[in-house]
file data.csv (CSV, C-alpha atoms and all ligand atoms)
chain,number,residue,atom,x,y,z
Q,1,MET,CA,0.0,0.0,0.0
Q,2,SER,CA,1.3,3.5,-0.8
Q,3,ASP,CA,2.6,5.7,1.9
Q,4,VAL,CA,-0.3,8.2,1.4
Q,5,LYS,CA,-2.9,5.4,1.7
Q,6,ASP,CA,-1.2,4.2,4.9
Q,7,ARG,CA,-1.3,7.7,6.4
Q,8,ILE,CA,-5.0,8.2,5.4
Q,9,ILE,CA,-6.0,5.0,7.1
Q,10,GLU,CA,-3.9,5.7,10.2
Q,11,LEU,CA,-5.3,9.3,10.5
Q,12,LYS,CA,-8.8,8.1,9.9
Q,13,GLU,CA,-8.5,5.6,12.8
Q,14,LYS,CA,-6.8,8.1,15.0
Q,15,LYS,CA,-9.6,10.7,14.5
Q,16,GLY,CA,-12.4,8.2,14.5
Q,17,ALA,CA,-13.5,9.4,11.1
Q,18,VAL,CA,-15.3,7.5,8.4
Q,19,ILE,CA,-14.7,7.8,4.6
Q,20,LEU,CA,-17.7,7.4,2.3
Q,21,ALA,CA,-17.0,7.1,-1.5
Q,22,HIS,CA,-19.3,7.1,-4.4
Q,23,ASN,CA,-19.1,4.3,-7.0
Q,24,TYR,CA,-17.5,6.7,-9.5
Q,25,GLN,CA,-14.5,7.6,-7.4
Q,26,LEU,CA,-11.0,6.8,-8.4
Q,27,PRO,CA,-9.9,3.2,-7.6
Q,28,GLU,CA,-7.4,4.4,-4.9
Q,29,ILE,CA,-10.1,6.3,-3.2
Q,30,GLN,CA,-12.4,3.3,-3.2
Q,31,ASP,CA,-9.6,1.3,-1.7
Q,32,VAL,CA,-9.3,3.5,1.4
Q,33,ALA,CA,-13.1,4.0,1.9
Q,34,ASP,CA,-15.1,2.4,4.6
Q,35,PHE,CA,-18.2,2.3,2.5
Q,36,ILE,CA,-18.7,2.6,-1.3
Q,37,GLY,CA,-22.1,3.0,-2.9
Q,38,ASP,CA,-24.5,5.2,-4.9
Q,39,SER,CA,-26.2,8.3,-3.6
Q,40,LEU,CA,-29.0,6.3,-1.9
Q,41,GLU,CA,-26.7,3.7,-0.3
Q,42,LEU,CA,-24.4,6.4,1.0
Q,43,SER,CA,-27.3,8.4,2.4
Q,44,VAL,CA,-28.6,5.4,4.3
Q,45,LYS,CA,-25.1,4.5,5.5
Q,46,SER,CA,-24.3,8.0,6.7
Q,47,GLU,CA,-27.4,8.0,8.9
Q,48,LYS,CA,-26.2,4.8,10.7
Q,49,ILE,CA,-22.7,6.0,11.3
Q,50,GLU,CA,-21.8,6.5,14.9
Q,51,LYS,CA,-18.6,8.5,14.3
Q,52,ASP,CA,-18.7,12.2,14.4
Q,53,LEU,CA,-16.5,13.0,11.4
Q,54,ILE,CA,-17.5,12.0,7.9
Q,55,VAL,CA,-15.3,12.6,4.9
Q,56,PHE,CA,-17.4,12.4,1.8
Q,57,CYS,CA,-15.6,11.4,-1.5
Q,58,GLY,CA,-18.2,12.4,-4.1
Q,59,VAL,CA,-19.5,15.6,-5.6
Q,60,ASP,CA,-21.0,18.6,-3.8
Q,61,PHE,CA,-24.7,17.7,-3.7
Q,62,MET,CA,-23.8,14.3,-2.2
Q,63,ALA,CA,-21.8,15.8,0.6
Q,64,GLU,CA,-24.7,18.2,1.2
Q,65,GLN,CA,-27.1,15.3,1.5
Q,66,ALA,CA,-24.8,13.6,4.1
Q,67,LYS,CA,-24.8,16.9,6.1
Q,68,VAL,CA,-28.6,17.2,5.9
Q,69,LEU,CA,-29.0,13.7,7.3
Q,70,ASN,CA,-26.3,14.3,9.9
Q,71,PRO,CA,-26.8,17.8,11.3
Q,72,GLY,CA,-24.8,17.1,14.4
Q,73,LYS,CA,-21.8,15.7,12.7
Q,74,LYS,CA,-18.9,17.3,10.9
Q,75,VAL,CA,-19.0,16.5,7.2
Q,76,LEU,CA,-16.0,17.2,5.0
Q,77,ILE,CA,-15.5,17.1,1.2
Q,78,PRO,CA,-11.8,16.9,0.2
Q,79,THR,CA,-12.0,19.6,-2.5
Q,80,LYS,CA,-14.5,22.3,-3.3
Q,81,ALA,CA,-13.9,21.7,-7.0
Q,82,ALA,CA,-15.9,18.5,-7.0
Q,83,LEU,CA,-19.0,20.0,-8.4
Q,84,CYS,CA,-21.8,18.2,-10.3
Q,85,PRO,CA,-22.7,20.4,-13.4
Q,86,MET,CA,-26.1,18.7,-13.6
Q,87,ALA,CA,-27.1,19.8,-10.0
Q,88,ALA,CA,-26.3,23.4,-11.0
Q,89,LEU,CA,-28.9,23.3,-13.8
Q,90,LEU,CA,-31.8,23.6,-11.4
Q,91,PRO,CA,-31.1,26.4,-8.9
Q,92,ARG,CA,-33.8,27.4,-6.4
Q,93,TRP,CA,-34.8,30.5,-8.2
Q,94,LEU,CA,-35.5,28.6,-11.4
Q,95,LEU,CA,-37.5,25.9,-9.5
Q,96,GLU,CA,-39.6,28.8,-8.0
Q,97,ARG,CA,-40.5,29.9,-11.5
Q,98,TYR,CA,-41.5,26.4,-12.6
Q,99,ARG,CA,-43.7,26.1,-9.5
Q,100,GLU,CA,-45.5,29.3,-10.5
Q,101,GLN,CA,-45.8,28.1,-14.1
Q,102,TYR,CA,-47.4,24.8,-13.0
Q,103,PRO,CA,-49.4,25.5,-9.9
Q,104,GLY,CA,-50.5,22.4,-8.0
Q,105,VAL,CA,-48.3,20.0,-10.0
Q,106,PRO,CA,-46.1,17.9,-7.7
Q,107,VAL,CA,-42.4,18.5,-7.9
Q,108,VAL,CA,-40.1,15.5,-7.8
Q,109,LEU,CA,-36.4,16.2,-7.5
Q,110,TYR,CA,-33.6,13.9,-8.3
Q,111,VAL,CA,-31.1,13.7,-5.4
Q,112,ASN,CA,-28.6,15.4,-7.8
Q,113,THR,CA,-29.8,18.9,-6.9
Q,114,HIS,CA,-28.6,21.3,-4.2
Q,115,ALA,CA,-30.1,21.4,-0.8
Q,116,ASP,CA,-31.7,24.9,-1.2
Q,117,ALA,CA,-33.6,23.7,-4.3
Q,118,LYS,CA,-34.5,20.4,-2.6
Q,119,ALA,CA,-36.1,22.3,0.2
Q,120,LEU,CA,-38.8,23.3,-2.4
Q,121,ALA,CA,-39.5,19.8,-3.6
Q,122,ASP,CA,-42.5,17.6,-2.8
Q,123,TYR,CA,-40.5,14.4,-3.1
Q,124,ILE,CA,-36.7,13.6,-3.4
Q,125,VAL,CA,-35.7,10.5,-5.3
Q,126,THR,CA,-32.6,8.6,-6.6
Q,127,SER,CA,-32.3,6.8,-9.9
Q,128,ALA,CA,-33.0,3.6,-8.0
Q,129,ASN,CA,-36.5,4.6,-6.7
Q,130,ALA,CA,-37.6,7.5,-9.0
Q,131,ALA,CA,-40.1,5.4,-11.0
Q,132,ASP,CA,-41.5,3.7,-7.9
Q,133,VAL,CA,-42.0,7.1,-6.2
Q,134,VAL,CA,-43.7,8.7,-9.2
Q,135,SER,CA,-46.0,5.8,-9.7
Q,136,ARG,CA,-47.3,6.2,-6.1
Q,137,ILE,CA,-47.9,9.9,-6.3
Q,138,ASP,CA,-51.6,10.8,-6.6
Q,139,SER,CA,-51.2,12.8,-9.8
Q,140,ASP,CA,-50.8,11.9,-13.5
Q,141,ARG,CA,-48.8,15.1,-14.1
Q,142,ILE,CA,-45.4,15.5,-12.4
Q,143,LEU,CA,-42.6,18.1,-12.6
Q,144,PHE,CA,-39.2,16.3,-12.6
Q,145,GLY,CA,-35.7,17.7,-12.5
Q,146,PRO,CA,-33.0,18.3,-13.3
Q,147,ASP,CA,-32.3,15.2,-15.5
Q,148,ALA,CA,-34.5,15.1,-18.6
Q,149,ASN,CA,-33.3,11.6,-19.5
Q,150,LEU,CA,-34.2,10.2,-16.1
Q,151,ALA,CA,-37.6,12.0,-16.4
Q,152,ASP,CA,-38.1,10.3,-19.8
Q,153,TYR,CA,-37.2,6.9,-18.2
Q,154,VAL,CA,-39.7,7.5,-15.4
Q,155,ALA,CA,-42.4,8.5,-17.9
Q,156,GLU,CA,-41.8,5.3,-19.9
Q,157,LYS,CA,-42.0,3.2,-16.7
Q,158,THR,CA,-45.1,4.9,-15.1
Q,159,GLY,CA,-47.1,6.1,-18.2
Q,160,LYS,CA,-47.5,9.5,-16.5
Q,161,GLU,CA,-46.9,12.9,-18.0
Q,162,VAL,CA,-43.4,13.7,-16.5
Q,163,ILE,CA,-42.4,17.3,-17.4
Q,164,PRO,CA,-38.7,17.7,-17.3
Q,165,ILE,CA,-37.4,20.9,-15.6
Q,166,PRO,CA,-35.3,22.3,-17.2
Q,167,PRO,CA,-36.4,20.8,-20.5
Q,168,SER,CA,-33.0,19.5,-21.5
Q,169,GLY,CA,-31.2,19.0,-18.2
Q,170,HIS,CA,-28.7,16.2,-18.4
Q,171,CYS,CA,-25.5,14.6,-17.0
Q,172,ALA,CA,-22.9,15.3,-19.7
Q,173,VAL,CA,-21.2,12.0,-18.9
Q,174,HIS,CA,-24.2,9.8,-19.6
Q,175,GLN,CA,-25.7,12.1,-22.3
Q,176,THR,CA,-22.6,11.8,-24.5
Q,177,ILE,CA,-22.5,8.0,-24.4
Q,178,ALA,CA,-23.4,7.5,-28.1
Q,179,PRO,CA,-25.5,4.5,-29.1
Q,180,ILE,CA,-22.9,3.7,-31.8
Q,181,GLU,CA,-20.3,3.3,-29.1
Q,182,VAL,CA,-22.4,0.8,-27.3
Q,183,GLN,CA,-23.4,-0.9,-30.5
Q,184,GLU,CA,-19.7,-1.4,-31.4
Q,185,LEU,CA,-19.1,-3.0,-28.0
Q,186,ILE,CA,-22.1,-5.3,-28.5
Q,187,GLU,CA,-20.7,-6.4,-31.8
Q,188,ALA,CA,-17.3,-7.1,-30.3
Q,189,HIS,CA,-18.8,-8.9,-27.3
Q,190,PRO,CA,-22.0,-10.6,-28.5
Q,191,ASP,CA,-22.0,-12.8,-25.4
Q,192,ALA,CA,-22.1,-9.9,-23.0
Q,193,GLU,CA,-25.2,-8.6,-21.1
Q,194,VAL,CA,-25.7,-4.8,-21.5
Q,195,MET,CA,-26.5,-2.7,-18.4
Q,196,ALA,CA,-27.2,1.0,-18.6
Q,197,HIS,CA,-27.9,3.8,-16.2
Q,198,PRO,CA,-31.2,5.7,-16.6
Q,199,GLU,CA,-29.4,9.0,-17.1
Q,200,CYS,CA,-28.5,7.7,-20.6
Q,201,THR,CA,-30.5,8.8,-23.5
Q,202,ARG,CA,-33.5,6.7,-24.6
Q,203,GLU,CA,-31.6,5.6,-27.7
Q,204,THR,CA,-28.7,4.3,-25.6
Q,205,ARG,CA,-31.1,2.8,-23.0
Q,206,LYS,CA,-32.8,0.8,-25.7
Q,207,LEU,CA,-29.7,-1.2,-26.4
Q,208,ALA,CA,-29.5,-2.4,-22.8
Q,209,HIS,CA,-30.9,-5.7,-21.4
Q,210,TYR,CA,-31.1,-4.1,-17.9
Q,211,VAL,CA,-31.5,-0.4,-16.9
Q,212,GLY,CA,-30.8,0.6,-13.3
Q,213,SER,CA,-28.8,2.7,-10.8
Q,214,THR,CA,-25.2,1.8,-10.1
Q,215,SER,CA,-26.3,-0.2,-7.0
Q,216,GLN,CA,-29.0,-2.0,-9.0
Q,217,MET,CA,-26.5,-2.8,-11.7
Q,218,LEU,CA,-24.1,-4.2,-9.2
Q,219,ARG,CA,-26.8,-6.3,-7.6
Q,220,HIS,CA,-28.0,-7.4,-11.0
Q,221,ALA,CA,-24.5,-8.5,-12.1
Q,222,LYS,CA,-24.1,-10.6,-9.0
Q,223,GLU,CA,-27.4,-12.3,-9.5
Q,224,SER,CA,-27.2,-12.8,-13.3
Q,225,GLY,CA,-26.0,-16.0,-14.8
Q,226,SER,CA,-24.1,-14.0,-17.4
Q,227,LYS,CA,-20.3,-14.0,-17.2
Q,228,LYS,CA,-19.7,-10.8,-19.2
Q,229,PHE,CA,-21.2,-7.3,-19.0
Q,230,ILE,CA,-21.0,-4.1,-20.9
Q,231,VAL,CA,-21.4,-1.4,-18.3
Q,232,VAL,CA,-23.0,1.7,-19.7
Q,233,THR,CA,-22.3,4.3,-17.0
Q,234,GLU,CA,-19.4,6.2,-15.6
Q,235,LYS,CA,-16.3,4.1,-15.8
Q,236,GLY,CA,-15.4,4.1,-12.1
Q,237,LEU,CA,-18.2,1.5,-11.3
Q,238,VAL,CA,-16.3,-1.1,-13.3
Q,239,TYR,CA,-13.4,-1.1,-10.8
Q,240,ARG,CA,-15.8,-2.0,-7.9
Q,241,MET,CA,-17.6,-4.6,-10.0
Q,242,GLN,CA,-14.4,-6.3,-11.1
Q,243,LYS,CA,-13.1,-6.3,-7.5
Q,244,GLU,CA,-16.2,-7.8,-6.1
Q,245,MET,CA,-16.8,-10.3,-8.9
Q,246,PRO,CA,-13.4,-11.4,-10.1
Q,247,ASP,CA,-14.9,-14.4,-12.0
Q,248,LYS,CA,-16.9,-12.1,-14.3
Q,249,THR,CA,-15.7,-9.7,-17.0
Q,250,PHE,CA,-16.9,-6.1,-17.1
Q,251,ILE,CA,-16.4,-3.9,-20.1
Q,252,PRO,CA,-16.6,-0.1,-19.5
Q,253,ILE,CA,-17.4,2.8,-21.8
Q,254,GLU,CA,-13.8,4.1,-21.9
Q,255,THR,CA,-14.9,7.7,-22.6
Q,256,ALA,CA,-17.5,7.9,-19.8
Q,257,ILE,CA,-15.4,9.7,-17.1
Q,258,CYS,CA,-16.8,12.2,-14.7
Q,259,THR,CA,-13.9,14.6,-14.3
Q,260,ASN,CA,-15.6,16.2,-11.3
Q,261,MET,CA,-15.7,12.9,-9.4
Q,262,LYS,CA,-12.1,12.4,-10.2
Q,263,LYS,CA,-11.1,15.8,-8.6
Q,264,ILE,CA,-10.8,13.9,-5.3
Q,265,ASN,CA,-7.5,12.2,-5.0
Q,266,LEU,CA,-5.3,10.7,-2.2
Q,267,ASP,CA,-3.5,14.0,-1.6
Q,268,ASN,CA,-6.5,16.2,-1.0
Q,269,LEU,CA,-8.2,13.4,1.0
Q,270,LEU,CA,-5.2,13.2,3.3
Q,271,ARG,CA,-5.1,17.0,3.6
Q,272,SER,CA,-8.9,17.0,4.3
Q,273,LEU,CA,-8.4,14.6,7.2
Q,274,GLN,CA,-5.3,16.4,8.5
Q,275,GLU,CA,-6.8,19.9,8.5
Q,276,GLU,CA,-10.5,19.0,8.7
Q,277,ILE,CA,-11.4,20.8,5.5
Q,278,TYR,CA,-13.7,21.6,3.7
Q,279,GLU,CA,-16.6,21.5,6.0
Q,280,VAL,CA,-20.1,21.3,4.5
Q,281,GLU,CA,-22.6,23.8,5.9
Q,282,ILE,CA,-26.3,23.8,5.4
Q,283,GLY,CA,-28.7,26.3,7.0
Q,284,PRO,CA,-30.8,24.6,9.7
Q,285,ASP,CA,-34.1,25.6,8.1
Q,286,ILE,CA,-33.2,24.3,4.7
Q,287,ALA,CA,-31.8,21.1,6.2
Q,288,GLU,CA,-35.0,20.5,8.2
Q,289,ARG,CA,-37.2,21.0,5.2
Q,290,VAL,CA,-35.1,18.6,3.1
Q,291,ARG,CA,-35.3,16.0,5.9
Q,292,GLN,CA,-39.1,16.3,6.1
Q,293,THR,CA,-39.3,15.8,2.4
Q,294,LEU,CA,-37.1,12.7,2.6
Q,295,ILE,CA,-39.3,11.3,5.4
Q,296,LYS,CA,-42.4,12.0,3.3
Q,297,THR,CA,-40.8,10.2,0.3
Q,298,ARG,CA,-39.9,7.2,2.5
Q,299,LYS,CA,-43.4,7.0,3.9
Q,300,LEU,CA,-44.9,7.0,0.3
Q,301,LEU,CA,-42.6,4.1,-0.5
Q,302,GLU,CA,-43.8,2.2,2.6
Q,303,LYS,CA,-47.5,2.4,1.5
Q,401,LIG,S1,-21.6,11.5,-13.4
Q,401,LIG,FE1,-23.0,13.2,-14.1
Q,401,LIG,S2,-24.5,13.4,-12.5
Q,401,LIG,FE2,-22.8,12.2,-11.6
Q,401,LIG,S3,-21.6,13.8,-10.6
Q,401,LIG,FE3,-20.7,13.5,-12.7
Q,401,LIG,S4,-21.8,15.1,-13.9
Q,401,LIG,FE4,-23.0,14.9,-12.0

call {"tool": "encode", "arguments": {"input": "data.csv", "output": "structure tokens"}}
result
Amino acid sequence: MSDVKDRIIELKEKKGAVILAHNYQLPEIQDVADFIGDSLELSVKSEKIEKDLIVFCGVDFMAEQAKVLNPGKKVLIPTKAALCPMAALLPRWLLERYREQYPGVPVVLYVNTHADAKALADYIVTSANAADVVSRIDSDRILFGPDANLADYVAEKTGKEVIPIPPSGHCAVHQTIAPIEVQELIEAHPDAEVMAHPECTRETRKLAHYVGSTSQMLRHAKESGSKKFIVVTEKGLVYRMQKEMPDKTFIPIETAICTNMKKINLDNLLRSLQEEIYEVEIGPDIAERVRQTLIKTRKLLEK
């Protein structure tokens, strides 16, 4: 193990900290993390953590979500540069306008939004539960943001009118995975099962045998009888899949790299632990409103 990795682990133990890492993080960050997962899994995990210091290796909105769920704990993100461009597409002021434009229409926000916008949502979802939540809402018309591809997937699954806000919000990493790129991999590996993330375009999704969040894809790969998979999402997930399932083969989309996720590295993670920077702060009123909306969403799923 590298010297920096050793120092991170030593310091983490000394300070009683916990490191959470998203599935798209660099392999070396995944190696030092206590828990790896998608947004939903990490949110659930963060709530159960008994330690008072959380270092979140992911992008801004994810660290915010961990802070919302853990108001009494110190939540750090190793660099302020790890920003999700999609989350920035639906700021609070814009959401206020959509609410005025569509009075009475329920607003469902993908977890990939900032806390101050989430505070105006009726429900908050992940890619793993978005269709399930929307199907249970007592309305055939839904405002959904900020990912128009996920909104389209939810509309396909539920048969409801899902209005994307903004109309063409997207994750650049998934949006730019071209169907031809996937098609070429299918031709090169005809025995492989194709799994795709719902943030991909409809044309790309149509080439997949299975569509799901990163945690759902991981679970599906474990349960499937297939030995080879084409993984149509950010490349980082393949590292975890290959590590957990060494007897299976995972083929990534080589160009699907989220540069923002990759801004967290061993050096800034070590510095974050040493200096306890950068602390995530959320106003108590905003945090409380987001927590209430998360509780409301969970209750809907329990019905
Ligand atoms: S993969 Fe896409 S949605 Fe996820 S953090 Fe990167 S830009 Fe944002």

call {"tool": "atom_distance", "arguments": {"input": "data.csv", "atom1": "atom CA of Q:Arg141", "atom2": "atom CA of Q:Thr297"}}
result
17.2 Å

call {"tool": "residues_near_ligand", "arguments": {"input": "data.csv", "ligand": "ligand LIG 401 (chain Q)", "cutoff": "9 Å", "atoms": "only C-alpha atoms and all ligand atoms", "output": "list of chain:residue names"}}
result
Q:Tyr24, Q:Gly58, Q:Val59, Q:Asp60, Q:Phe61, Q:Met62, Q:Ala82, Q:Leu83, Q:Cys84, Q:Pro85, Q:Met86, Q:Ala87, Q:Asn112, Q:Asp147, Q:His170, Q:Cys171, Q:Ala172, Q:Val173, Q:His174, Q:Gln175, Q:Glu199, Q:Thr233, Q:Glu234, Q:Ala256, Q:Ile257, Q:Cys258, Q:Thr259, Q:Asn260, Q:Met261

call {"tool": "write_last_selection", "arguments": {"input": "data.csv", "atoms": "C-alpha atoms", "output": "short mmCIF file (atom, residue, chain, number, x, y, z; two decimals), keeping the file's coordinate frame"}}
result
data_model
loop_
_atom_site.label_atom_id
_atom_site.label_comp_id
_atom_site.auth_asym_id
_atom_site.auth_seq_id
_atom_site.Cartn_x
_atom_site.Cartn_y
_atom_site.Cartn_z
CA TYR Q 24 -17.50 6.70 -9.50
CA GLY Q 58 -18.20 12.40 -4.10
CA VAL Q 59 -19.50 15.60 -5.60
CA ASP Q 60 -21.00 18.60 -3.80
CA PHE Q 61 -24.70 17.70 -3.70
CA MET Q 62 -23.80 14.30 -2.20
CA ALA Q 82 -15.90 18.50 -7.00
CA LEU Q 83 -19.00 20.00 -8.40
CA CYS Q 84 -21.80 18.20 -10.30
CA PRO Q 85 -22.70 20.40 -13.40
CA MET Q 86 -26.10 18.70 -13.60
CA ALA Q 87 -27.10 19.80 -10.00
CA ASN Q 112 -28.60 15.40 -7.80
CA ASP Q 147 -32.30 15.20 -15.50
CA HIS Q 170 -28.70 16.20 -18.40
CA CYS Q 171 -25.50 14.60 -17.00
CA ALA Q 172 -22.90 15.30 -19.70
CA VAL Q 173 -21.20 12.00 -18.90
CA HIS Q 174 -24.20 9.80 -19.60
CA GLN Q 175 -25.70 12.10 -22.30
CA GLU Q 199 -29.40 9.00 -17.10
CA THR Q 233 -22.30 4.30 -17.00
CA GLU Q 234 -19.40 6.20 -15.60
CA ALA Q 256 -17.50 7.90 -19.80
CA ILE Q 257 -15.40 9.70 -17.10
CA CYS Q 258 -16.80 12.20 -14.70
CA THR Q 259 -13.90 14.60 -14.30
CA ASN Q 260 -15.60 16.20 -11.30
CA MET Q 261 -15.70 12.90 -9.40
#

call {"tool": "residues_near_point", "arguments": {"input": "data.csv", "point": "(-20.9, 12.0, 5.3)", "cutoff": "9 Å", "atoms": "all atoms listed in the file", "output": "compact mmCIF listing (two decimals) with C-alpha atoms, keeping the file's coordinate frame"}}
result
# COMPACT_ATOMS: atom_id res chain seq x y z
CA VAL Q 18 -15.30 7.50 8.40
CA ILE Q 19 -14.70 7.80 4.60
CA LEU Q 20 -17.70 7.40 2.30
CA LEU Q 42 -24.40 6.40 1.00
CA SER Q 43 -27.30 8.40 2.40
CA LYS Q 45 -25.10 4.50 5.50
CA SER Q 46 -24.30 8.00 6.70
CA GLU Q 47 -27.40 8.00 8.90
CA ILE Q 49 -22.70 6.00 11.30
CA LEU Q 53 -16.50 13.00 11.40
CA ILE Q 54 -17.50 12.00 7.90
CA VAL Q 55 -15.30 12.60 4.90
CA PHE Q 56 -17.40 12.40 1.80
CA CYS Q 57 -15.60 11.40 -1.50
CA MET Q 62 -23.80 14.30 -2.20
CA ALA Q 63 -21.80 15.80 0.60
CA GLU Q 64 -24.70 18.20 1.20
CA GLN Q 65 -27.10 15.30 1.50
CA ALA Q 66 -24.80 13.60 4.10
CA LYS Q 67 -24.80 16.90 6.10
CA LEU Q 69 -29.00 13.70 7.30
CA ASN Q 70 -26.30 14.30 9.90
CA LYS Q 73 -21.80 15.70 12.70
CA LYS Q 74 -18.90 17.30 10.90
CA VAL Q 75 -19.00 16.50 7.20
CA LEU Q 76 -16.00 17.20 5.00
CA ILE Q 77 -15.50 17.10 1.20

call {"tool": "atom_distance", "arguments": {"input": "data.csv", "atom1": "atom CA of Q:Ile264", "atom2": "atom CA of Q:Lys15"}}
result
20.1 Å

call {"tool": "residues_around", "arguments": {"input": "data.csv", "residues": "stretch 116-125 of chain Q", "least_positions_apart": "2", "cutoff": "7 Å", "atoms": "all atoms listed in the file", "output": "ChimeraX atom specification"}}
result
/Q:91-92,95,106-111,113-114,127,129-130,286,289-290,293-294,297

call {"tool": "closest_residue", "arguments": {"input": "data.csv", "among": "Q:Thr79, Q:Ala128, Q:Gly16, Q:Pro71", "to": "Q:Arg271", "atoms": "only C-alpha atoms"}}
result
Q:Thr79

call {"tool": "build_atoms", "arguments": {"input": "data.csv", "residues": "stretch 274-290 of chain Q", "atoms": "N, CA and C atoms", "output": "compact mmCIF listing (two decimals), keeping the file's coordinate frame"}}
result
# COMPACT_ATOMS: atom_id res chain seq x y z
N GLN Q 274 -6.31 15.75 7.66
CA GLN Q 274 -5.30 16.40 8.50
C GLN Q 274 -5.88 17.75 9.06
N GLU Q 275 -6.43 18.56 8.14
CA GLU Q 275 -6.80 19.90 8.50
C GLU Q 275 -8.33 20.07 8.75
N GLU Q 276 -9.05 18.97 8.55
CA GLU Q 276 -10.50 19.00 8.70
C GLU Q 276 -11.15 20.02 7.81
N ILE Q 277 -10.78 19.97 6.54
CA ILE Q 277 -11.40 20.80 5.50
C ILE Q 277 -11.94 19.96 4.41
N TYR Q 278 -12.85 20.38 3.65
CA TYR Q 278 -13.70 21.60 3.70
C TYR Q 278 -15.00 21.20 4.32
N GLU Q 279 -15.38 21.92 5.34
CA GLU Q 279 -16.60 21.50 6.00
C GLU Q 279 -17.85 21.96 5.26
N VAL Q 280 -18.80 21.05 5.18
CA VAL Q 280 -20.10 21.30 4.50
C VAL Q 280 -21.04 21.95 5.45
N GLU Q 281 -21.60 23.09 5.06
CA GLU Q 281 -22.60 23.80 5.90
C GLU Q 281 -23.90 23.92 5.22
N ILE Q 282 -24.96 23.61 5.93
CA ILE Q 282 -26.30 23.80 5.40
C ILE Q 282 -27.12 24.53 6.44
N GLY Q 283 -27.86 25.55 6.02
CA GLY Q 283 -28.70 26.30 7.00
C GLY Q 283 -29.68 25.35 7.64
N PRO Q 284 -29.92 25.53 8.96
CA PRO Q 284 -30.80 24.60 9.70
C PRO Q 284 -32.22 24.51 9.12
N ASP Q 285 -32.77 25.63 8.64
CA ASP Q 285 -34.10 25.60 8.10
C ASP Q 285 -34.20 24.79 6.81
N ILE Q 286 -33.21 25.03 5.95
CA ILE Q 286 -33.20 24.30 4.70
C ILE Q 286 -33.00 22.78 4.98
N ALA Q 287 -32.07 22.47 5.88
CA ALA Q 287 -31.80 21.10 6.20
C ALA Q 287 -33.08 20.40 6.76
N GLU Q 288 -33.81 21.11 7.61
CA GLU Q 288 -35.00 20.50 8.20
C GLU Q 288 -36.09 20.26 7.13
N ARG Q 289 -36.23 21.21 6.21
CA ARG Q 289 -37.20 21.00 5.20
C ARG Q 289 -36.86 19.84 4.26
N VAL Q 290 -35.58 19.71 3.94
CA VAL Q 290 -35.10 18.60 3.10
C VAL Q 290 -35.38 17.26 3.85
